[in-house]
Amino acid sequence: MTLNQLHYVIAVSEEGSLNKAADRLYIAQPSLTKAIKELEKELGFELFSRTKRGMALTPDGEDFILYARDLYGKYEDIIERFGSGDGFKKKFGVSTQHYSFAVKAFVEMVKNFDTAEYEFAIMETKTKDVINDVANLKSEIGVLYLSDFNRQAIKKLLRGYNLEFHHLINCDAYVYLWRGHPLAKKRGITFDQLKDYPCLSFDQGEQSSFYYAEEILTTNEYPRTIKANDRATMLNLMVGLNGYTLCSGIICEELNGDDFVAVPYKADKSNPNSVMELGYITLKDGKLSYVGELYVKELRKYLGLNGKSRKKR
């Protein structure tokens with residue numbers, strides 16, 4: 001087993017395709033395939049299975065990749081600290097649910113570094129992928145939320161991946177919609193007032209648990225729903241279809257634009273409010289890198305955790 005083979009396995013697992021992984025690694029696909037097969041022969045089990053969507057890790061492969069990422073990550077740490085540094089970039093990644101404040105904090109953090117020396121990455125993605133990315137060392141930090149509804153299920157999943165949740169801030173639910181929406185000027189919006197408009201939800205995958213939903217108050221029965229998989233599409237649907245979503249109310253106008261507003265959700269007996277606990281996840285007992293510490297500092301700064309309250313938008 002070689003470090004190159006570990007590097008190859010990691011690349012294929014991330015790309016989900018031999019062709020894409022070979023392009024990324026600048027090697028011929030037959031050479032990549034041969035290296036993977038030789039490693040599988042040495043291990044005595046298959047790492048990947050072919051599906052209609054490409055290459056997927058087998059159960060044995062999923063177990064193996066955790067150790068492969070850890071070992072190869074330590075190798076990269078050694079090169080970063082003791083190597084000459086020629087041609088090698090330091091890496092830092094964040095995976096997050098679809099929060100503009102998480103992207104804004106990332107932007108402010110990156111401004112402190114020379115991007116020619118670092119390989120930065122931020123992924124707005126599905127809840128399960130946020131957890132997997134941190135567990136597999138693809139990202140150092142993951143940003144997500146807990147509520148009374150999903151807390152038990154998400155924390156159980158985090159324990160299984162040896163991850164821990166770090167609290168940042170608690171927020172009540174807000175209705176997020178565009179300024180031209182008929183309800184945009186209300187001081188508060190009830191669930192009943194929303195019944196004639198589509199609720200916009202971030203797609204979590206075909207076989208995903210409803211505990212992974214990014215929208216708070218997911219226990220409610222929404223009469224109209226439309227799924228999207230990125231923030232830009234969500235904003236377009238808000239304008240085009242008078243759609244709405246339920247969120248923390250912490251919105252970055254610099255990134256989302258000022259055509260949207262967050263109106264407090266007005267609870268009633270049948271549809272009570274729910275606290276949204278925003279935070280970030282890391283490896284359990286892991287020490288954040290200097291870049292990671294700076295990113296968390298920018299998160300806390302944007303959320304107003306420096307002694308000042310954060311104004312909802």
# chains A, B, ... in the order shown; residues from 1 in each chain; ligands from 1
call {"tool": "select_by_dssp", "arguments": {"residues": "region 155-244 of chain A", "states": "strand (DSSP E)", "output": "list in words"}}
result
Leu163, Glu164, Phe165, His166, His167, Leu168, Ile169, Asn170, Cys171, Tyr174, Val175, Tyr176, Leu177, Trp178, Cys199, Leu200, Ser201, Phe202, Thr225, Ile226, Lys227 and Ala228 of chain A
call {"tool": "closest_atom_pairs", "arguments": {"of": "region 53-105 of chain A", "to": "region 130-136 of chain A", "cutoff": "10 Å", "atoms": "only C-alpha atoms", "output": "JSON lines"}}
result
{"residue": "A:Glu62", "atom": "CA", "partner": "A:Asn136", "partner_atom": "CA", "distance": 9.4}
{"residue": "A:Ile65", "atom": "CA", "partner": "A:Asn136", "partner_atom": "CA", "distance": 7.3}
{"residue": "A:Leu66", "atom": "CA", "partner": "A:Asn136", "partner_atom": "CA", "distance": 5.5}
{"residue": "A:Tyr67", "atom": "CA", "partner": "A:Asn136", "partner_atom": "CA", "distance": 8.6}
{"residue": "A:Ala68", "atom": "CA", "partner": "A:Asn136", "partner_atom": "CA", "distance": 8.9}
{"residue": "A:Arg69", "atom": "CA", "partner": "A:Asn136", "partner_atom": "CA", "distance": 6.3}
{"residue": "A:Asp70", "atom": "CA", "partner": "A:Asn136", "partner_atom": "CA", "distance": 7.7}
{"residue": "A:Gly93", "atom": "CA", "partner": "A:Val134", "partner_atom": "CA", "distance": 9.0}
{"residue": "A:Val94", "atom": "CA", "partner": "A:Val134", "partner_atom": "CA", "distance": 8.3}
{"residue": "A:Ser95", "atom": "CA", "partner": "A:Val130", "partner_atom": "CA", "distance": 5.1}
{"residue": "A:Thr96", "atom": "CA", "partner": "A:Val130", "partner_atom": "CA", "distance": 5.8}
{"residue": "A:Gln97", "atom": "CA", "partner": "A:Val130", "partner_atom": "CA", "distance": 7.1}
call {"tool": "write_last_selection", "arguments": {"atoms": "N, CA, C and O atoms", "output": "compact mmCIF listing (two decimals), in the first residue's frame"}}
result
# COMPACT_ATOMS: atom_id res chain seq x y z
N GLU A 62 -16.21 2.45 2.63
CA GLU A 62 -16.55 3.58 3.49
C GLU A 62 -15.77 3.53 4.78
O GLU A 62 -15.35 4.57 5.32
N ILE A 65 -12.01 4.41 3.85
CA ILE A 65 -11.73 5.80 3.46
C ILE A 65 -11.53 6.70 4.67
O ILE A 65 -10.78 7.68 4.61
N LEU A 66 -12.16 6.37 5.80
CA LEU A 66 -11.97 7.17 7.01
C LEU A 66 -10.51 7.13 7.46
O LEU A 66 -9.92 8.16 7.79
N TYR A 67 -9.92 5.94 7.42
CA TYR A 67 -8.53 5.80 7.82
C TYR A 67 -7.59 6.36 6.75
O TYR A 67 -6.55 6.94 7.06
N ALA A 68 -7.98 6.18 5.47
CA ALA A 68 -7.15 6.69 4.38
C ALA A 68 -7.04 8.21 4.44
O ALA A 68 -5.95 8.78 4.28
N ARG A 69 -8.18 8.87 4.67
CA ARG A 69 -8.16 10.34 4.76
C ARG A 69 -7.33 10.80 5.95
O ARG A 69 -6.59 11.77 5.87
N ASP A 70 -7.49 10.11 7.06
CA ASP A 70 -6.75 10.48 8.26
C ASP A 70 -5.24 10.34 8.02
O ASP A 70 -4.46 11.24 8.33
N GLY A 93 -11.12 23.63 4.31
CA GLY A 93 -12.45 23.52 3.72
C GLY A 93 -13.56 23.65 4.75
O GLY A 93 -13.39 23.29 5.93
N VAL A 94 -14.69 24.18 4.31
CA VAL A 94 -15.91 24.31 5.13
C VAL A 94 -17.06 23.72 4.34
O VAL A 94 -17.20 23.97 3.14
N SER A 95 -17.88 22.92 5.01
CA SER A 95 -19.13 22.44 4.41
C SER A 95 -20.27 22.99 5.24
O SER A 95 -20.20 23.02 6.48
N THR A 96 -21.32 23.45 4.59
CA THR A 96 -22.38 24.13 5.31
C THR A 96 -23.75 23.89 4.69
O THR A 96 -23.86 23.63 3.48
N GLN A 97 -24.76 23.93 5.52
CA GLN A 97 -26.11 24.04 4.99
C GLN A 97 -26.19 25.40 4.28
O GLN A 97 -25.24 26.17 4.32
call {"tool": "residues_around", "arguments": {"residues": "Val261 (chain A)", "least_positions_apart": "5", "cutoff": "8 Å", "atoms": "only C-alpha atoms", "output": "mmCIF file with N, CA, C and O atoms, in the first residue's frame"}}
result
data_model
loop_
_atom_site.group_PDB
_atom_site.id
_atom_site.type_symbol
_atom_site.label_atom_id
_atom_site.label_comp_id
_atom_site.auth_asym_id
_atom_site.auth_seq_id
_atom_site.Cartn_x
_atom_site.Cartn_y
_atom_site.Cartn_z
ATOM 1 N N TYR A 176 -38.863 33.907 5.245
ATOM 2 C CA TYR A 176 -37.985 34.601 4.305
ATOM 3 C C TYR A 176 -38.668 34.640 2.944
ATOM 4 O O TYR A 176 -39.047 33.591 2.395
ATOM 5 N N LEU A 177 -38.867 35.863 2.398
ATOM 6 C CA LEU A 177 -39.557 36.014 1.115
ATOM 7 C C LEU A 177 -39.083 37.303 0.437
ATOM 8 O O LEU A 177 -38.360 38.102 1.024
ATOM 9 N N TRP A 178 -39.509 37.499 -0.813
ATOM 10 C CA TRP A 178 -39.041 38.685 -1.536
ATOM 11 C C TRP A 178 -39.919 39.888 -1.188
ATOM 12 O O TRP A 178 -41.052 39.748 -0.736
ATOM 13 N N ARG A 179 -39.363 41.082 -1.377
ATOM 14 C CA ARG A 179 -40.037 42.305 -0.940
ATOM 15 C C ARG A 179 -41.361 42.548 -1.634
ATOM 16 O O ARG A 179 -42.216 43.271 -1.121
ATOM 17 N N ALA A 184 -45.015 40.563 2.633
ATOM 18 C CA ALA A 184 -43.689 41.081 2.994
ATOM 19 C C ALA A 184 -43.724 42.226 3.997
ATOM 20 O O ALA A 184 -42.772 42.422 4.753
ATOM 21 N N ARG A 313 -32.692 40.368 9.424
ATOM 22 C CA ARG A 313 -32.976 41.075 8.186
ATOM 23 C C ARG A 313 -34.082 40.391 7.433
ATOM 24 O O ARG A 313 -34.136 39.194 7.392
#
call {"tool": "closest_residue", "arguments": {"among": "A:Glu277, A:Glu42, A:Asp268, A:Asp114", "to": "Tyr145 (chain A)", "atoms": "only C-alpha atoms"}}
result
A:Glu277
call {"tool": "atom_distance", "arguments": {"atom1": "CA of Asp77 (chain A)", "atom2": "CA of Ile122 (chain A)"}}
result
19.9 Å
call {"tool": "residues_around", "arguments": {"residues": "Val107 (chain A)", "least_positions_apart": "6", "cutoff": "10 Å", "atoms": "only C-alpha atoms", "output": "PyMOL selection string"}}
result
chain A and resi 101+122+295+298
call {"tool": "write_last_selection", "arguments": {"atoms": "N, CA, C and O atoms", "output": "tab-separated table (two decimals), in the first residue's frame"}}
result
chain	number	residue	atom	x	y	z
A	101	PHE	N	-24.68	33.64	5.78
A	101	PHE	CA	-23.74	34.16	6.79
A	101	PHE	C	-22.49	33.29	6.88
A	101	PHE	O	-21.40	33.78	7.18
A	122	ILE	N	-15.32	25.92	-0.04
A	122	ILE	CA	-16.55	25.98	0.74
A	122	ILE	C	-17.66	25.33	-0.07
A	122	ILE	O	-17.82	25.61	-1.26
A	295	TYR	N	-11.83	31.31	11.03
A	295	TYR	CA	-13.16	31.19	10.43
A	295	TYR	C	-14.24	31.25	11.51
A	295	TYR	O	-15.25	31.95	11.36
A	298	GLU	N	-14.74	34.73	12.61
A	298	GLU	CA	-15.54	35.51	11.66
A	298	GLU	C	-17.02	35.14	11.76
A	298	GLU	O	-17.90	36.00	11.62
call {"tool": "residues_around", "arguments": {"residues": "Glu14 (chain A)", "least_positions_apart": "6", "cutoff": "12 Å", "atoms": "only C-alpha atoms", "output": "ChimeraX atom specification"}}
result
/A:7-8,20-22,24,48,54-57,62,65,69,129,132-133,136-139
call {"tool": "atom_distance", "arguments": {"atom1": "CA of Ala173 (chain A)", "atom2": "CA of Ala228 (chain A)"}}
result
20.1 Å
call {"tool": "atom_distance", "arguments": {"atom1": "CA of Thr33 (chain A)", "atom2": "CA of Phe64 (chain A)"}}
result
17.6 Å
call {"tool": "residues_around", "arguments": {"residues": "Pro223 (chain A)", "least_positions_apart": "4", "cutoff": "12 Å", "atoms": "only C-alpha atoms", "output": "list of chain:residue names"}}
result
A:Phe191, A:Asp192, A:Gln193, A:Leu194, A:Lys195, A:Asp196, A:Tyr197, A:Pro198, A:Cys199, A:Leu200
call {"tool": "residues_around", "arguments": {"residues": "Leu294 (chain A)", "least_positions_apart": "3", "cutoff": "10 Å", "atoms": "only C-alpha atoms", "output": "PyMOL selection string"}}
result
chain A and resi 105-106+108-110+112+288-291+297-300
call {"tool": "closest_residue", "arguments": {"among": "A:Gln5, A:Ser147, A:Thr58, A:Asn19", "to": "Lys34 (chain A)", "atoms": "only C-alpha atoms"}}
result
A:Gln5
